[in-house]
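Chemist: Please find one structure pasted underneath; my questions will follow.
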Amino acid sequence: MINRSGVILTNNHVIAGAVKITVAFATTRPSREGRGQDPDDDLALLKVNPDGLQPRAAGAGELRHGGGRDPTAAIGNPFGLPRSLTTGVVSALQREIQAPNSFEIDNVIQTDAPINPGNSGGPLLNEQGQVIGINSQIETGGGSGSGSVGIGFAIRSTQRLP
């Protein structure tokens, strides 16, 4: 959740084509009230009713060292394992990846924090616990493997958050 009014930032490819979206929290399952989608940047906003949640928004953060040595933490549900956390560092900045619609997304963060199928749409956090990106893609090394080889990409949130 990026603010206390119930706005959630995720990947567009996570919710694209969905008829029904359920957002699960530790204490309750609020109904989704709306959404906005940007397929070109592979980002989407969901709006939920925060009543009874006592939300604590992570907020947008920056990289302290400009990359290279910045610690990162990736949160998601890799392979269906809920609320998983992995850690690493920023490996490089200003990478380019392709959105599912083939649009080029620039200024992407590369991290070695293990990101696997199911991490998409989850936050990439800095050492202060602030959102610096949205986990989006991984390099699988080609072949038939679908797991991470230690190269993950997160779309920078600091330039895209409302």
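Ligands are numbered from 1 in the order shown, residues from 1 within each chain, and chains are lettered A, B, ... in the order they appear in the structure tokens.
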Which residues, written as a list in words, have at least one atom at most 8 Å from range 77-81 of chain A, with only C-alpha atoms counted and residues fewer than 2 positions away on the same chain left out?
Modeler: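 In the requested format, the answer is Ile75, Arg83, Ser84, Ile115, Asn116, Pro117, Gly118 and Asn119 of chain A.
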Chemist: Quick check for you: according to DSSP on this backbone, which residues of chain A are classed as alpha helix (DSSP H)? Reply as a ChimeraX atom specification.
Modeler: /A:12-15
Chemist: Tell me, as a list in words, which residues lie within 8 Å of Leu85 in chain A, counting only C-alpha atoms; anything in the same chain fewer than 6 positions away does not count.
Modeler: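 Near Leu85 in chain A, the qualifying residues are Ala73, Ala74, Ile75 and Gly76 of chain A.
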Chemist: Smallest atom-to-atom distance to Gly121 in chain A: which of A:Gly141, A:Pro55, A:Phe153, A:Asn3, using only C-alpha atoms?
Modeler: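 Of A:Gly141, A:Pro55, A:Phe153, A:Asn3, the one nearest Gly121 in chain A is A:Phe153, counting only C-alpha atoms.
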Chemist: When you look at range 110-114 of chain A with a cut-off of 10 Å (counting only C-alpha atoms), what residues show up, excluding the ones that are within fewer than 2 positions of it in the same chain? I need them as a ChimeraX atom specification.
Modeler: /A:67-68,70-75,78,85-96,107-108,116,119,124,135,137-138,147-155
Chemist: Please produce an output containing N, CA and C atoms for each residue in the selection, written as a CSV table (one decimal), in the first residue's frame.
Modeler:
```csv
chain,number,residue,atom,x,y,z
A,67,GLY,N,23.1,3.2,-6.2
A,67,GLY,CA,23.3,1.9,-6.8
A,67,GLY,C,24.5,1.2,-6.4
A,68,GLY,N,24.7,-0.1,-6.9
A,68,GLY,CA,25.9,-0.8,-6.6
A,68,GLY,C,26.0,-1.4,-5.2
A,70,ASP,N,23.7,-0.4,-2.6
A,70,ASP,CA,22.4,-0.2,-1.9
A,70,ASP,C,21.8,-1.6,-1.5
A,71,PRO,N,21.5,-1.8,-0.3
A,71,PRO,CA,20.8,-3.1,0.1
A,71,PRO,C,19.3,-3.0,-0.4
A,72,THR,N,18.8,-4.2,-0.7
A,72,THR,CA,17.4,-4.3,-1.2
A,72,THR,C,16.8,-5.5,-0.5
A,73,ALA,N,15.5,-5.4,-0.4
A,73,ALA,CA,14.6,-6.5,0.1
A,73,ALA,C,13.4,-6.6,-0.9
A,74,ALA,N,13.2,-7.8,-1.3
A,74,ALA,CA,12.1,-8.1,-2.2
A,74,ALA,C,11.0,-8.9,-1.5
A,75,ILE,N,9.7,-8.4,-1.6
A,75,ILE,CA,8.6,-9.1,-0.9
A,75,ILE,C,7.7,-9.6,-2.0
A,78,PRO,N,6.6,-15.9,-4.0
A,78,PRO,CA,7.2,-16.7,-5.0
A,78,PRO,C,6.8,-18.2,-5.0
A,85,LEU,N,10.3,-13.0,1.9
A,85,LEU,CA,11.2,-11.9,1.8
A,85,LEU,C,12.6,-12.4,1.4
A,86,THR,N,13.2,-11.7,0.4
A,86,THR,CA,14.6,-12.1,0.1
A,86,THR,C,15.4,-10.8,0.1
A,87,THR,N,16.7,-10.9,0.3
A,87,THR,CA,17.5,-9.7,0.3
A,87,THR,C,18.7,-9.7,-0.7
A,88,GLY,N,19.2,-8.6,-1.0
A,88,GLY,CA,20.3,-8.5,-1.9
A,88,GLY,C,20.8,-7.1,-2.0
A,89,VAL,N,21.4,-6.7,-3.1
A,89,VAL,CA,21.8,-5.4,-3.3
A,89,VAL,C,21.4,-4.9,-4.7
A,90,VAL,N,21.5,-3.6,-5.0
A,90,VAL,CA,21.3,-3.1,-6.3
A,90,VAL,C,22.6,-3.5,-7.1
A,91,SER,N,22.4,-4.2,-8.2
A,91,SER,CA,23.5,-4.7,-9.1
A,91,SER,C,23.8,-3.7,-10.1
A,92,ALA,N,22.8,-3.0,-10.7
A,92,ALA,CA,22.9,-2.0,-11.7
A,92,ALA,C,21.7,-1.1,-11.8
A,93,LEU,N,21.9,0.1,-12.4
A,93,LEU,CA,20.8,1.0,-12.6
A,93,LEU,C,20.6,1.2,-14.1
A,94,GLN,N,19.5,1.9,-14.5
A,94,GLN,CA,19.3,2.3,-15.8
A,94,GLN,C,19.3,1.1,-16.8
A,95,ARG,N,18.8,0.0,-16.4
A,95,ARG,CA,18.6,-1.1,-17.3
A,95,ARG,C,17.3,-0.9,-18.1
A,96,GLU,N,17.1,-1.6,-19.2
A,96,GLU,CA,15.9,-1.5,-20.0
A,96,GLU,C,15.3,-2.9,-20.0
A,107,ASN,N,15.3,3.0,-17.2
A,107,ASN,CA,15.6,3.3,-15.8
A,107,ASN,C,15.2,2.3,-14.8
A,108,VAL,N,15.3,1.0,-15.1
A,108,VAL,CA,14.9,-0.1,-14.3
A,108,VAL,C,16.1,-0.5,-13.4
A,116,ASN,N,11.4,-14.5,-8.0
A,116,ASN,CA,11.0,-15.7,-8.8
A,116,ASN,C,9.5,-15.5,-9.2
A,119,ASN,N,6.8,-13.2,-7.4
A,119,ASN,CA,7.2,-11.9,-6.8
A,119,ASN,C,6.7,-10.7,-7.5
A,124,LEU,N,10.1,-3.7,-4.1
A,124,LEU,CA,11.5,-3.8,-3.8
A,124,LEU,C,11.8,-2.6,-2.9
A,135,ASN,N,8.9,-5.2,-8.2
A,135,ASN,CA,9.5,-6.4,-8.7
A,135,ASN,C,8.7,-6.8,-10.0
A,137,GLN,N,10.4,-8.5,-13.4
A,137,GLN,CA,10.9,-9.6,-14.2
A,137,GLN,C,12.2,-10.2,-13.7
A,138,ILE,N,12.5,-11.3,-14.2
A,138,ILE,CA,13.8,-12.0,-13.9
A,138,ILE,C,14.4,-12.5,-15.2
A,147,GLY,N,13.1,-20.4,-12.9
A,147,GLY,CA,13.5,-19.7,-11.7
A,147,GLY,C,14.6,-18.7,-11.9
A,148,SER,N,14.8,-17.9,-10.9
A,148,SER,CA,15.8,-16.8,-10.9
A,148,SER,C,17.2,-17.4,-11.0
A,149,VAL,N,18.1,-16.7,-11.8
A,149,VAL,CA,19.5,-17.0,-11.8
A,149,VAL,C,20.3,-15.8,-11.1
A,150,GLY,N,19.6,-15.0,-10.3
A,150,GLY,CA,20.2,-14.0,-9.6
A,150,GLY,C,20.2,-12.6,-10.2
A,151,ILE,N,19.4,-12.5,-11.3
A,151,ILE,CA,19.3,-11.2,-12.0
A,151,ILE,C,17.8,-10.9,-12.0
A,152,GLY,N,17.3,-9.9,-11.2
A,152,GLY,CA,15.9,-9.5,-11.2
A,152,GLY,C,15.8,-8.1,-11.5
A,153,PHE,N,14.6,-7.7,-12.0
A,153,PHE,CA,14.4,-6.3,-12.4
A,153,PHE,C,13.2,-5.7,-11.7
A,154,ALA,N,13.3,-4.5,-11.2
A,154,ALA,CA,12.2,-3.8,-10.6
A,154,ALA,C,12.0,-2.4,-11.3
A,155,ILE,N,10.8,-2.1,-11.6
A,155,ILE,CA,10.4,-0.9,-12.2
A,155,ILE,C,10.5,0.2,-11.1
```
Chemist: Quick one: residues within 7 Å of Arg35 in chain A, only C-alpha atoms, excluding same-chain residues fewer than 3 positions away - as a ChimeraX atom specification?
Modeler: /A:45-47
Chemist: Could you write out the selected residues, including C-alpha atoms, as a short mmCIF file (atom, residue, chain, number, x, y, z; two decimals), in the first residue's frame?
Modeler:
```
data_model
loop_
_atom_site.label_atom_id
_atom_site.label_comp_id
_atom_site.auth_asym_id
_atom_site.auth_seq_id
_atom_site.Cartn_x
_atom_site.Cartn_y
_atom_site.Cartn_z
CA LEU A 45 -2.96 0.96 -9.17
CA LEU A 46 -5.63 -0.74 -7.08
CA LYS A 47 -7.85 1.09 -4.63
#
```
Chemist: Which polymer residues have any atom within 9 Å of an atom of Gln54 in chain A, counting only C-alpha atoms, with same-chain residues fewer than 3 positions away left out, as a list in words?
Modeler: Arg4, Pro50 and Asp51 of chain A
Chemist: Please identify all polymer residues within 9 Å of Glu104 in chain A, counting only C-alpha atoms, omitting same-chain residues fewer than 6 positions from it, and present them as a PyMOL selection string.
Modeler: chain A and resi 40-41+96-98
Chemist: Please report as a Markdown table every residue of range 84-107 of chain A lying within 12 Å of range 5-18 of chain A, along with the nearest atom pair and their distance in Å (one decimal), using only C-alpha atoms.
Modeler:
```
| residue | atom | partner | partner_atom | distance |
| --- | --- | --- | --- | --- |
| A:Gln98 | CA | A:His13 | CA | 11.9 |
| A:Ala99 | CA | A:His13 | CA | 8.5 |
| A:Pro100 | CA | A:His13 | CA | 7.1 |
| A:Asn101 | CA | A:His13 | CA | 9.5 |
```
Chemist: Would you output that residue set with N, CA, C and O atoms, as an mmCIF file, in the first residue's frame?
Modeler:
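Dumped to selection.cif:
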```cif
data_model
loop_
_atom_site.group_PDB
_atom_site.id
_atom_site.type_symbol
_atom_site.label_atom_id
_atom_site.label_comp_id
_atom_site.auth_asym_id
_atom_site.auth_seq_id
_atom_site.Cartn_x
_atom_site.Cartn_y
_atom_site.Cartn_z
ATOM 1 N N GLN A 98 11.440 -5.043 -21.415
ATOM 2 C CA GLN A 98 10.245 -4.899 -22.234
ATOM 3 C C GLN A 98 9.017 -5.250 -21.421
ATOM 4 O O GLN A 98 8.978 -6.290 -20.761
ATOM 5 N N ALA A 99 8.010 -4.373 -21.493
ATOM 6 C CA ALA A 99 6.708 -4.677 -20.907
ATOM 7 C C ALA A 99 6.096 -5.817 -21.714
ATOM 8 O O ALA A 99 6.507 -6.074 -22.851
ATOM 9 N N PRO A 100 5.115 -6.517 -21.162
ATOM 10 C CA PRO A 100 4.458 -7.589 -21.919
ATOM 11 C C PRO A 100 3.898 -7.145 -23.273
ATOM 12 O O PRO A 100 3.772 -7.948 -24.181
ATOM 13 N N ASN A 101 3.612 -5.844 -23.431
ATOM 14 C CA ASN A 101 3.116 -5.345 -24.720
ATOM 15 C C ASN A 101 4.258 -4.883 -25.627
ATOM 16 O O ASN A 101 4.025 -4.210 -26.618
#
```
Chemist: What separation in Å, quoted to one decimal, exists between CA of Pro123 in chain A and CA of Thr22 in chain A?
Modeler: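 We find that CA of Pro123 in chain A and CA of Thr22 in chain A lie 17.8 Å from each other.
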Chemist: Given only C-alpha atoms as the basis, pick out the residue of A:Phe25, A:Pro82, A:Ile105, A:Leu63 nearest to Gly129 in chain A.
Modeler: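 Closest candidate: A:Leu63.
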Chemist: Could you tell me how far CA of Leu53 in chain A lies from CA of Lys20 in chain A, in Å and to one decimal?
Modeler: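 The value is 20.8 Å.
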Chemist: Please compute the CA of Gly122 in chain A-CA of Val23 in chain A distance, one decimal, in Å.
Modeler: 12.5 Å
Chemist: In range 71-157 of chain A, what's strand (DSSP E or B) per DSSP? Answer as a PDB file with N, CA and C atoms, in the first residue's frame?
Modeler:
```pdb
ATOM      1  N   PRO A  71      21.505  -1.835  -0.254  1.00  0.00           N
ATOM      2  CA  PRO A  71      20.797  -3.056   0.127  1.00  0.00           C
ATOM      3  C   PRO A  71      19.346  -3.014  -0.372  1.00  0.00           C
ATOM      4  N   THR A  72      18.823  -4.175  -0.728  1.00  0.00           N
ATOM      5  CA  THR A  72      17.434  -4.287  -1.166  1.00  0.00           C
ATOM      6  C   THR A  72      16.766  -5.465  -0.476  1.00  0.00           C
ATOM      7  N   ALA A  73      15.451  -5.387  -0.402  1.00  0.00           N
ATOM      8  CA  ALA A  73      14.634  -6.494   0.081  1.00  0.00           C
ATOM      9  C   ALA A  73      13.442  -6.613  -0.860  1.00  0.00           C
ATOM     10  N   ALA A  74      13.174  -7.811  -1.328  1.00  0.00           N
ATOM     11  CA  ALA A  74      12.052  -8.063  -2.231  1.00  0.00           C
ATOM     12  C   ALA A  74      10.997  -8.864  -1.488  1.00  0.00           C
ATOM     13  N   ILE A  75       9.749  -8.399  -1.556  1.00  0.00           N
ATOM     14  CA  ILE A  75       8.636  -9.076  -0.904  1.00  0.00           C
ATOM     15  C   ILE A  75       7.691  -9.590  -1.976  1.00  0.00           C
ATOM     16  N   GLY A  76       7.187 -10.790  -1.776  1.00  0.00           N
ATOM     17  CA  GLY A  76       6.233 -11.352  -2.730  1.00  0.00           C
ATOM     18  C   GLY A  76       5.751 -12.713  -2.300  1.00  0.00           C
ATOM     19  N   SER A  84       6.833 -13.851   1.452  1.00  0.00           N
ATOM     20  CA  SER A  84       8.253 -14.205   1.458  1.00  0.00           C
ATOM     21  C   SER A  84       9.116 -12.961   1.277  1.00  0.00           C
ATOM     22  N   LEU A  85      10.285 -12.967   1.901  1.00  0.00           N
ATOM     23  CA  LEU A  85      11.224 -11.860   1.842  1.00  0.00           C
ATOM     24  C   LEU A  85      12.587 -12.395   1.434  1.00  0.00           C
ATOM     25  N   THR A  86      13.204 -11.733   0.447  1.00  0.00           N
ATOM     26  CA  THR A  86      14.578 -12.052   0.079  1.00  0.00           C
ATOM     27  C   THR A  86      15.375 -10.755   0.096  1.00  0.00           C
ATOM     28  N   THR A  87      16.686 -10.871   0.256  1.00  0.00           N
ATOM     29  CA  THR A  87      17.520  -9.680   0.329  1.00  0.00           C
ATOM     30  C   THR A  87      18.651  -9.748  -0.677  1.00  0.00           C
ATOM     31  N   GLY A  88      19.192  -8.598  -0.990  1.00  0.00           N
ATOM     32  CA  GLY A  88      20.314  -8.506  -1.914  1.00  0.00           C
ATOM     33  C   GLY A  88      20.794  -7.072  -1.975  1.00  0.00           C
ATOM     34  N   VAL A  89      21.379  -6.725  -3.106  1.00  0.00           N
ATOM     35  CA  VAL A  89      21.842  -5.367  -3.342  1.00  0.00           C
ATOM     36  C   VAL A  89      21.434  -4.937  -4.741  1.00  0.00           C
ATOM     37  N   VAL A  90      21.515  -3.643  -4.982  1.00  0.00           N
ATOM     38  CA  VAL A  90      21.324  -3.136  -6.334  1.00  0.00           C
ATOM     39  C   VAL A  90      22.558  -3.534  -7.124  1.00  0.00           C
ATOM     40  N   SER A  91      22.352  -4.246  -8.217  1.00  0.00           N
ATOM     41  CA  SER A  91      23.462  -4.679  -9.056  1.00  0.00           C
ATOM     42  C   SER A  91      23.782  -3.660 -10.136  1.00  0.00           C
ATOM     43  N   ALA A  92      22.751  -2.984 -10.651  1.00  0.00           N
ATOM     44  CA  ALA A  92      22.948  -1.976 -11.697  1.00  0.00           C
ATOM     45  C   ALA A  92      21.698  -1.117 -11.787  1.00  0.00           C
ATOM     46  N   LEU A  93      21.867   0.053 -12.371  1.00  0.00           N
ATOM     47  CA  LEU A  93      20.759   0.967 -12.610  1.00  0.00           C
ATOM     48  C   LEU A  93      20.639   1.233 -14.109  1.00  0.00           C
ATOM     49  N   GLN A  94      19.547   1.851 -14.481  1.00  0.00           N
ATOM     50  CA  GLN A  94      19.292   2.288 -15.846  1.00  0.00           C
ATOM     51  C   GLN A  94      19.279   1.131 -16.849  1.00  0.00           C
ATOM     52  N   ARG A  95      18.781  -0.012 -16.408  1.00  0.00           N
ATOM     53  CA  ARG A  95      18.568  -1.126 -17.327  1.00  0.00           C
ATOM     54  C   ARG A  95      17.286  -0.871 -18.100  1.00  0.00           C
ATOM     55  N   GLU A  96      17.124  -1.562 -19.219  1.00  0.00           N
ATOM     56  CA  GLU A  96      15.884  -1.518 -19.995  1.00  0.00           C
ATOM     57  C   GLU A  96      15.299  -2.913 -20.048  1.00  0.00           C
ATOM     58  N   ILE A  97      13.979  -2.991 -19.882  1.00  0.00           N
ATOM     59  CA  ILE A  97      13.256  -4.252 -20.040  1.00  0.00           C
ATOM     60  C   ILE A  97      12.052  -3.977 -20.931  1.00  0.00           C
ATOM     61  N   GLN A  98      11.440  -5.043 -21.415  1.00  0.00           N
ATOM     62  CA  GLN A  98      10.245  -4.899 -22.234  1.00  0.00           C
ATOM     63  C   GLN A  98       9.017  -5.250 -21.421  1.00  0.00           C
ATOM     64  N   GLU A 104       9.270  -0.495 -24.366  1.00  0.00           N
ATOM     65  CA  GLU A 104      10.528  -0.450 -23.629  1.00  0.00           C
ATOM     66  C   GLU A 104      10.361   0.360 -22.342  1.00  0.00           C
ATOM     67  N   ILE A 105      10.726  -0.228 -21.218  1.00  0.00           N
ATOM     68  CA  ILE A 105      10.701   0.457 -19.927  1.00  0.00           C
ATOM     69  C   ILE A 105      12.146   0.763 -19.563  1.00  0.00           C
ATOM     70  N   ASP A 106      12.464   2.043 -19.375  1.00  0.00           N
ATOM     71  CA  ASP A 106      13.834   2.419 -19.077  1.00  0.00           C
ATOM     72  C   ASP A 106      14.009   2.738 -17.598  1.00  0.00           C
ATOM     73  N   ASN A 107      15.255   2.957 -17.206  1.00  0.00           N
ATOM     74  CA  ASN A 107      15.605   3.339 -15.842  1.00  0.00           C
ATOM     75  C   ASN A 107      15.165   2.299 -14.810  1.00  0.00           C
ATOM     76  N   VAL A 108      15.314   1.039 -15.149  1.00  0.00           N
ATOM     77  CA  VAL A 108      14.907  -0.084 -14.302  1.00  0.00           C
ATOM     78  C   VAL A 108      16.060  -0.465 -13.378  1.00  0.00           C
ATOM     79  N   ILE A 109      15.726  -0.905 -12.175  1.00  0.00           N
ATOM     80  CA  ILE A 109      16.714  -1.356 -11.190  1.00  0.00           C
ATOM     81  C   ILE A 109      16.994  -2.840 -11.404  1.00  0.00           C
ATOM     82  N   GLN A 110      18.270  -3.204 -11.439  1.00  0.00           N
ATOM     83  CA  GLN A 110      18.669  -4.617 -11.444  1.00  0.00           C
ATOM     84  C   GLN A 110      19.136  -4.969 -10.042  1.00  0.00           C
ATOM     85  N   THR A 111      18.637  -6.082  -9.506  1.00  0.00           N
ATOM     86  CA  THR A 111      19.021  -6.521  -8.167  1.00  0.00           C
ATOM     87  C   THR A 111      19.384  -7.993  -8.174  1.00  0.00           C
ATOM     88  N   PRO A 123       6.829  -5.200  -3.677  1.00  0.00           N
ATOM     89  CA  PRO A 123       7.772  -4.088  -3.587  1.00  0.00           C
ATOM     90  C   PRO A 123       9.222  -4.538  -3.500  1.00  0.00           C
ATOM     91  N   LEU A 124      10.096  -3.700  -4.054  1.00  0.00           N
ATOM     92  CA  LEU A 124      11.531  -3.777  -3.795  1.00  0.00           C
ATOM     93  C   LEU A 124      11.817  -2.621  -2.856  1.00  0.00           C
ATOM     94  N   LEU A 125      12.352  -2.920  -1.682  1.00  0.00           N
ATOM     95  CA  LEU A 125      12.528  -1.929  -0.620  1.00  0.00           C
ATOM     96  C   LEU A 125      13.987  -1.546  -0.450  1.00  0.00           C
ATOM     97  N   VAL A 131       9.662   1.922  -0.529  1.00  0.00           N
ATOM     98  CA  VAL A 131       9.539   1.312  -1.850  1.00  0.00           C
ATOM     99  C   VAL A 131      10.404   2.072  -2.855  1.00  0.00           C
ATOM    100  N   ILE A 132      11.333   1.340  -3.490  1.00  0.00           N
ATOM    101  CA  ILE A 132      12.156   1.933  -4.549  1.00  0.00           C
ATOM    102  C   ILE A 132      11.775   1.377  -5.918  1.00  0.00           C
ATOM    103  N   GLY A 133      11.042   0.280  -5.930  1.00  0.00           N
ATOM    104  CA  GLY A 133      10.632  -0.313  -7.195  1.00  0.00           C
ATOM    105  C   GLY A 133       9.575  -1.378  -6.999  1.00  0.00           C
ATOM    106  N   ILE A 134       9.038  -1.819  -8.127  1.00  0.00           N
ATOM    107  CA  ILE A 134       8.053  -2.895  -8.136  1.00  0.00           C
ATOM    108  C   ILE A 134       8.691  -4.073  -8.869  1.00  0.00           C
ATOM    109  N   ASN A 135       8.852  -5.206  -8.156  1.00  0.00           N
ATOM    110  CA  ASN A 135       9.458  -6.395  -8.746  1.00  0.00           C
ATOM    111  C   ASN A 135       8.676  -6.779  -9.990  1.00  0.00           C
ATOM    112  N   SER A 136       9.378  -6.951 -11.104  1.00  0.00           N
ATOM    113  CA  SER A 136       8.672  -7.113 -12.363  1.00  0.00           C
ATOM    114  C   SER A 136       9.106  -8.322 -13.179  1.00  0.00           C
ATOM    115  N   GLN A 137      10.410  -8.502 -13.354  1.00  0.00           N
ATOM    116  CA  GLN A 137      10.886  -9.560 -14.240  1.00  0.00           C
ATOM    117  C   GLN A 137      12.161 -10.180 -13.695  1.00  0.00           C
ATOM    118  N   ILE A 138      12.493 -11.343 -14.245  1.00  0.00           N
ATOM    119  CA  ILE A 138      13.751 -12.009 -13.905  1.00  0.00           C
ATOM    120  C   ILE A 138      14.421 -12.488 -15.180  1.00  0.00           C
ATOM    121  N   GLY A 152      17.342  -9.940 -11.210  1.00  0.00           N
ATOM    122  CA  GLY A 152      15.948  -9.538 -11.180  1.00  0.00           C
ATOM    123  C   GLY A 152      15.839  -8.061 -11.516  1.00  0.00           C
ATOM    124  N   PHE A 153      14.647  -7.670 -11.961  1.00  0.00           N
ATOM    125  CA  PHE A 153      14.432  -6.292 -12.366  1.00  0.00           C
ATOM    126  C   PHE A 153      13.200  -5.728 -11.668  1.00  0.00           C
ATOM    127  N   ALA A 154      13.324  -4.482 -11.237  1.00  0.00           N
ATOM    128  CA  ALA A 154      12.214  -3.781 -10.595  1.00  0.00           C
ATOM    129  C   ALA A 154      12.028  -2.441 -11.292  1.00  0.00           C
ATOM    130  N   ILE A 155      10.772  -2.131 -11.594  1.00  0.00           N
ATOM    131  CA  ILE A 155      10.447  -0.853 -12.206  1.00  0.00           C
ATOM    132  C   ILE A 155      10.515   0.203 -11.121  1.00  0.00           C
ATOM    133  N   ARG A 156      11.296   1.226 -11.352  1.00  0.00           N
ATOM    134  CA  ARG A 156      11.466   2.274 -10.331  1.00  0.00           C
ATOM    135  C   ARG A 156      10.141   2.938 -10.008  1.00  0.00           C
TER     136      ARG A 156
END
```
